[in-house]
$ cat structure-v3.txt   # compact mmCIF, C-alpha atoms and all ligand atoms
# COMPACT_ATOMS: atom_id res chain seq x y z
CA MET A 22 -26.10 14.70 -31.66
CA VAL A 23 -25.97 18.37 -32.51
CA LEU A 24 -24.05 20.77 -30.27
CA ARG A 25 -23.79 24.50 -30.01
CA PHE A 26 -20.37 26.05 -29.39
CA PRO A 27 -19.87 26.94 -25.74
CA GLY A 28 -18.89 30.44 -26.95
CA MET A 29 -21.97 30.80 -29.16
CA GLN A 30 -23.09 33.90 -27.29
CA SER A 31 -20.14 35.73 -28.83
CA PRO A 32 -21.50 37.95 -31.60
CA SER A 33 -18.44 37.11 -33.70
CA LEU A 34 -19.23 33.43 -34.18
CA PRO A 35 -21.62 32.35 -36.90
CA GLN A 36 -25.10 31.86 -35.48
CA SER A 37 -25.66 28.58 -37.34
CA ILE A 38 -26.02 25.23 -35.59
CA SER A 39 -22.66 23.57 -35.08
CA MET A 40 -22.09 20.11 -36.55
CA LEU A 41 -19.26 19.37 -34.12
CA LYS A 42 -19.42 16.64 -31.54
CA ASN A 43 -16.84 16.20 -28.78
CA VAL A 44 -15.05 12.85 -28.89
CA PRO A 45 -13.59 11.66 -25.56
CA LEU A 46 -9.85 11.04 -25.44
CA PRO A 47 -8.13 8.73 -22.96
CA SER A 48 -5.46 10.00 -20.57
CA PHE A 49 -2.14 9.40 -22.25
CA ASN A 50 -0.09 9.40 -19.02
CA ASP A 51 1.08 5.79 -19.15
CA VAL A 52 1.69 5.52 -22.87
CA LEU A 53 5.16 4.54 -24.05
CA HIS A 54 6.51 6.81 -26.72
CA PRO A 55 8.06 5.13 -29.73
CA ASN A 56 11.80 5.85 -30.16
CA GLU A 57 11.12 7.39 -33.55
CA HIS A 58 8.95 10.03 -31.83
CA LEU A 59 11.45 10.65 -29.05
CA GLU A 60 14.48 11.12 -31.32
CA LEU A 61 12.60 13.57 -33.54
CA ILE A 62 11.18 15.52 -30.60
CA GLU A 63 14.55 15.80 -28.84
CA GLU A 64 16.26 17.15 -31.95
CA ALA A 65 13.31 19.42 -32.77
CA ASN A 66 13.30 20.98 -29.30
CA GLU A 67 17.02 21.79 -29.61
CA ARG A 68 16.51 23.34 -33.03
CA VAL A 69 13.48 25.36 -31.89
CA ASP A 70 15.53 26.77 -28.98
CA ALA A 71 18.44 27.68 -31.25
CA PHE A 72 16.10 29.15 -33.89
CA THR A 73 14.29 31.29 -31.31
CA LYS A 74 17.52 32.50 -29.64
CA ASN A 75 19.38 33.31 -32.84
CA ARG A 76 16.58 35.15 -34.62
CA ARG A 77 16.54 38.91 -34.59
CA ASP A 78 12.81 39.31 -35.25
CA THR A 79 10.53 37.26 -33.09
CA ILE A 80 7.72 35.42 -34.85
CA HIS A 81 5.05 36.52 -32.40
CA ASN A 82 2.46 33.89 -33.27
CA PHE A 83 4.91 31.00 -32.98
CA VAL A 84 4.97 28.83 -29.86
CA VAL A 85 5.29 25.08 -29.87
CA SER A 86 2.76 22.56 -28.59
CA ASP A 87 3.56 19.56 -26.40
CA PHE A 88 4.90 17.37 -29.20
CA SER A 89 5.05 14.29 -27.04
CA LEU A 90 1.41 14.54 -25.95
CA VAL A 91 0.11 15.40 -29.42
CA GLY A 92 2.21 12.64 -31.02
CA THR A 93 0.80 10.11 -28.57
CA ALA A 94 -2.75 11.22 -29.33
CA ILE A 95 -2.16 10.86 -33.08
CA GLN A 96 -0.65 7.41 -32.53
CA TRP A 97 -3.77 6.45 -30.55
CA LEU A 98 -6.12 7.84 -33.21
CA VAL A 99 -4.33 5.83 -35.91
CA GLU A 100 -4.10 2.60 -33.90
CA ASN A 101 -7.79 2.77 -33.03
CA ARG A 102 -8.89 3.86 -36.52
CA VAL A 103 -10.77 6.83 -35.12
CA ALA A 104 -10.25 8.92 -38.25
CA CYS A 105 -12.15 8.07 -41.44
CA GLY A 106 -8.95 8.01 -43.49
CA ASP A 107 -5.24 8.82 -43.42
CA SER A 108 -5.16 12.38 -44.70
CA PHE A 109 -3.65 14.75 -42.10
CA LEU A 110 -3.34 18.53 -42.10
CA GLU A 111 -1.73 20.86 -39.54
CA TRP A 112 -3.09 24.43 -39.53
CA GLY A 113 -0.13 26.68 -38.74
CA SER A 114 2.52 23.96 -38.63
CA GLY A 115 5.33 26.00 -37.03
CA PHE A 116 8.43 23.78 -36.98
CA GLY A 117 6.45 20.97 -38.61
CA VAL A 118 6.96 18.45 -35.82
CA VAL A 119 3.32 17.39 -35.36
CA THR A 120 2.98 16.92 -39.13
CA MET A 121 6.11 14.75 -39.06
CA LEU A 122 4.75 12.69 -36.14
CA ALA A 123 1.56 12.09 -38.14
CA ALA A 124 3.72 10.97 -41.09
CA ILE A 125 5.66 8.61 -38.81
CA GLU A 126 2.28 7.13 -37.81
CA GLY A 127 1.60 6.40 -41.47
CA MET A 128 -0.63 9.33 -42.32
CA GLU A 129 -0.31 11.33 -45.51
CA ALA A 130 0.70 14.48 -43.73
CA VAL A 131 0.72 18.13 -44.79
CA GLY A 132 1.56 21.25 -42.81
CA ILE A 133 0.47 24.73 -43.84
CA GLU A 134 2.51 27.57 -42.36
CA VAL A 135 2.56 31.23 -43.23
CA GLU A 136 6.14 31.97 -42.12
CA ARG A 137 8.73 31.13 -44.78
CA ASP A 138 11.55 30.55 -42.25
CA LEU A 139 9.45 27.99 -40.38
CA ILE A 140 8.66 26.20 -43.63
CA ASP A 141 12.42 26.05 -44.35
CA GLN A 142 13.14 24.68 -40.87
CA SER A 143 10.37 22.08 -41.22
CA ARG A 144 11.66 20.85 -44.57
CA LEU A 145 15.21 20.65 -43.25
CA LEU A 146 14.16 18.64 -40.20
CA ALA A 147 11.97 16.30 -42.28
CA ASP A 148 14.84 15.74 -44.73
CA ASP A 149 17.33 15.04 -41.93
CA PHE A 150 14.99 12.43 -40.44
CA GLU A 151 13.92 11.14 -43.88
CA ILE A 152 10.27 11.76 -43.07
CA ASP A 153 7.86 11.98 -45.96
CA ALA A 154 5.81 15.06 -45.01
CA GLU A 155 4.79 18.02 -47.16
CA PHE A 156 5.02 21.67 -46.10
CA VAL A 157 3.22 24.43 -47.96
CA GLU A 158 3.78 28.12 -47.42
CA GLY A 159 0.58 30.15 -47.16
CA SER A 160 -2.52 30.54 -45.07
CA PHE A 161 -4.64 27.70 -43.72
CA LEU A 162 -7.66 29.96 -44.17
CA PRO A 163 -9.63 29.28 -47.36
CA GLU A 164 -9.34 31.74 -50.24
CA ASP A 165 -13.00 32.73 -50.00
CA ARG A 166 -13.38 34.04 -46.46
CA SER A 167 -16.75 35.73 -46.97
CA VAL A 168 -18.78 33.22 -44.92
CA ILE A 169 -16.33 33.38 -42.03
CA GLU A 170 -15.63 37.10 -42.22
CA SER A 171 -16.82 37.82 -38.69
CA VAL A 172 -14.65 35.02 -37.29
CA VAL A 173 -11.58 36.01 -39.26
CA GLN A 174 -11.79 39.64 -38.17
CA ASP A 175 -11.60 38.62 -34.51
CA PHE A 176 -8.35 36.68 -34.83
CA GLU A 177 -5.47 38.32 -32.99
CA ASN A 178 -2.84 35.62 -33.42
CA VAL A 179 -3.63 34.36 -36.89
CA ASP A 180 -2.43 35.99 -40.09
CA ILE A 181 -5.62 36.94 -41.92
CA ASP A 182 -4.04 38.67 -44.93
CA SER A 183 -1.79 36.08 -46.58
CA PRO A 184 -3.10 34.11 -49.54
CA SER A 185 -4.52 30.67 -48.97
CA ALA A 186 -2.25 27.64 -49.45
CA TYR A 187 -4.93 25.24 -50.74
CA GLU A 188 -4.62 26.03 -54.45
CA GLN A 189 -0.87 25.37 -54.31
CA LEU A 190 -1.59 22.17 -52.43
CA GLY A 191 -4.23 21.05 -54.91
CA LYS A 192 -6.54 20.14 -52.02
CA SER A 193 -9.21 21.81 -49.93
CA ILE A 194 -10.11 21.60 -46.25
CA ASP A 195 -12.73 18.92 -46.90
CA ASP A 196 -10.06 16.59 -48.31
CA PHE A 197 -8.61 16.01 -44.83
CA ASP A 198 -9.62 13.36 -42.29
CA LEU A 199 -7.72 14.82 -39.34
CA ILE A 200 -6.77 18.45 -38.79
CA PHE A 201 -4.53 19.53 -35.91
CA ALA A 202 -4.13 23.08 -34.62
CA PHE A 203 -2.67 24.85 -31.60
CA PRO A 204 -4.83 27.98 -31.31
CA TRP A 205 -3.79 30.81 -29.03
CA PRO A 206 -5.87 31.18 -25.85
CA GLY A 207 -9.38 32.37 -26.62
CA GLU A 208 -9.18 31.45 -30.31
CA GLN A 209 -10.13 27.76 -30.09
CA GLU A 210 -13.78 28.43 -30.94
CA TYR A 211 -12.80 30.40 -34.05
CA PHE A 212 -10.74 27.46 -35.31
CA ALA A 213 -13.70 25.19 -34.58
CA ALA A 214 -16.04 27.52 -36.47
CA ILE A 215 -13.82 27.42 -39.56
CA PHE A 216 -13.53 23.64 -39.33
CA ASP A 217 -17.31 23.38 -38.87
CA GLN A 218 -17.88 25.47 -41.98
CA PHE A 219 -15.42 23.79 -44.35
CA ALA A 220 -14.43 20.29 -43.18
CA ALA A 221 -15.93 17.06 -44.52
CA ASP A 222 -18.54 15.05 -42.63
CA GLY A 223 -16.72 12.65 -40.32
CA ALA A 224 -13.53 14.72 -40.24
CA LEU A 225 -11.75 15.24 -36.91
CA LEU A 226 -10.34 18.43 -35.38
CA LEU A 227 -7.67 17.88 -32.74
CA THR A 228 -6.59 20.97 -30.82
CA TYR A 229 -4.03 21.62 -28.10
CA ASP A 230 -4.83 24.41 -25.67
CA GLY A 231 -1.39 25.24 -24.33
CA ARG A 232 -2.12 23.87 -20.84
CA ASN A 233 -1.53 20.21 -21.58
CA GLN A 234 -5.12 19.71 -22.72
CA LEU A 235 -6.21 18.17 -25.97
CA ARG A 236 -9.69 18.41 -27.45
CA LEU A 237 -11.06 16.20 -30.21
CA GLN A 238 -14.19 17.09 -32.20
CA ARG A 239 -15.87 15.30 -35.06
CA ARG A 240 -17.94 16.98 -37.75
CA GLU A 241 -21.18 15.10 -38.19
C1 LIG A 301 0.83 28.55 -31.77
S1 LIG A 301 1.88 28.22 -33.17
C2 LIG A 301 1.72 26.45 -33.30
C3 LIG A 301 2.81 25.79 -34.09
C4 LIG A 301 2.64 24.27 -34.27
N1 LIG A 301 1.34 23.92 -34.76
C5 LIG A 301 2.88 23.52 -32.99
O1 LIG A 301 1.94 22.88 -32.52
O2 LIG A 301 3.99 23.57 -32.46
C6 LIG A 301 0.83 28.83 -34.51
C7 LIG A 301 1.51 28.85 -35.87
O3 LIG A 301 0.54 29.27 -36.84
C8 LIG A 301 1.19 30.10 -37.79
N2 LIG A 301 0.13 30.89 -38.46
C9 LIG A 301 -0.50 32.00 -38.02
N3 LIG A 301 -1.45 32.39 -38.89
C10 LIG A 301 -1.42 31.50 -39.91
C11 LIG A 301 -2.17 31.35 -41.11
N4 LIG A 301 -3.16 32.17 -41.43
N5 LIG A 301 -1.87 30.33 -41.92
C12 LIG A 301 -0.87 29.45 -41.61
N6 LIG A 301 -0.13 29.54 -40.49
C13 LIG A 301 -0.40 30.54 -39.65
C14 LIG A 301 2.19 30.88 -36.97
O4 LIG A 301 3.23 31.42 -37.76
C15 LIG A 301 2.68 29.82 -35.99
O5 LIG A 301 3.79 29.13 -36.49

$ encode --input "structure-v3.txt" --output "structure tokens"
Amino acid sequence: MVLRFPGMQSPSLPQSISMLKNVPLPSFNDVLHPNEHLELIEEANERVDAFTKNRRDTIHNFVVSDFSLVGTAIQWLVENRVACGDSFLEWGSGFGVVTMLAAIEGMEAVGIEVERDLIDQSRLLADDFEIDAEFVEGSFLPEDRSVIESVVQDFENVDIDSPSAYEQLGKSIDDFDLIFAFPWPGEQEYFAAIFDQFAADGALLLTYDGRNQLRLQRRE
């Protein structure tokens, strides 16, 4: 089934047909969280608070998602083999917690984050919990942004100037089976447009919208 983006009337989005299909997610209200998730999330929340309080310069684009909800969704995706493979990428990984939760669930997990201090915090937390996750400093946007120029220009909460992280990583967007992002309000469709343009057939985009809502889309 072929869908158009709900925001397709926006002149900024590419006018091509979208290859993204919504995939229904269950309600995760009654799910038990594994202890491994809970211990990591508790420590991460304390460190995020301390990091935010003690920093002189605010990182304006940094807010955390609901780690517990996102972790549960990833656990469900893995248990039910919804993704085509086990390669996970977080676009703008912040403190790295969602990437670490994906690693705990057995995925080969990578986070791309543009802020050096957040990369340092992510690596420290992963080391302390002995979690095998990779964090790469740079932009989640591809190096060649010409086909998504109109989308990129409309971002207000995404760094559009920093160099892409994919060369350093030795992988490209279409190498990943599941990509997670927490876009700022109003920017979800731009993330979807970039995913639509560059992800592999069958790949999944999981997004959190900041109001306890998750959305899952598959590229077909
Ligand atoms: C809303 S926060 C979400 C953090 C994390 N994903 C989470 O769920 O807690 C968005 C993050 O994206 C980062 N960011 C912004 N533009 C970026 C870019 N072009 N490439 C990589 N990271 C970026 C910000 O520094 C910030 O940490």

$ atom_distance --input "structure-v3.txt" --atom1 "atom CA of A:Val131" --atom2 "atom O1 of ligand LIG 301 (chain A)"
13.2 Å

$ closest_residue --input "structure-v3.txt" --among "A:Met121, A:Leu226, A:Ile215, A:Ile181" --to "ligand LIG 301 (chain A)" --atoms "all atoms listed in the file"
A:Ile181

$ atom_distance --input "structure-v3.txt" --atom1 "atom CA of A:Glu208" --atom2 "atom CA of A:Asn178"
8.2 Å

$ residues_around --input "structure-v3.txt" --residues "A:Gly231" --least-positions-apart "4" --cutoff "10 Å" --atoms "only C-alpha atoms" --output "PyMOL selection string"
chain A and resi 84-87+203-206+235

$ closest_residue --input "structure-v3.txt" --among "A:Arg68, A:Arg240, A:His81, A:His58" --to "ligand LIG 301 (chain A)" --atoms "only C-alpha atoms and all ligand atoms"
A:His81

$ closest_residue --input "structure-v3.txt" --among "A:Val69, A:Met40, A:Ala220, A:Leu98" --to "ligand LIG 301 (chain A)" --atoms "only C-alpha atoms and all ligand atoms"
A:Val69

$ residues_near_ligand --input "structure-v3.txt" --ligand "ligand LIG 301 (chain A)" --cutoff "10 Å" --atoms "all atoms listed in the file" --output "VMD selection string"
chain A and resid 69 80 to 88 91 111 to 120 132 to 140 157 to 163 173 176 to 186 201 to 206 228 to 231

$ atom_distance --input "structure-v3.txt" --atom1 "atom CA of A:Ile62" --atom2 "atom CA of A:Ser89"
7.2 Å

$ closest_residue --input "structure-v3.txt" --among "A:Glu60, A:Ile200, A:Leu53, A:Ile194" --to "A:Ala123" --atoms "all atoms listed in the file"
A:Ile200

$ closest_residue --input "structure-v3.txt" --among "A:Gly106, A:Leu146, A:Pro55, A:Glu126" --to "A:Glu67" --atoms "all atoms listed in the file"
A:Leu146

$ closest_residue --input "structure-v3.txt" --among "A:Ala65, A:Leu90, A:Ala71, A:Ala214" --to "A:Phe49" --atoms "all atoms listed in the file"
A:Leu90
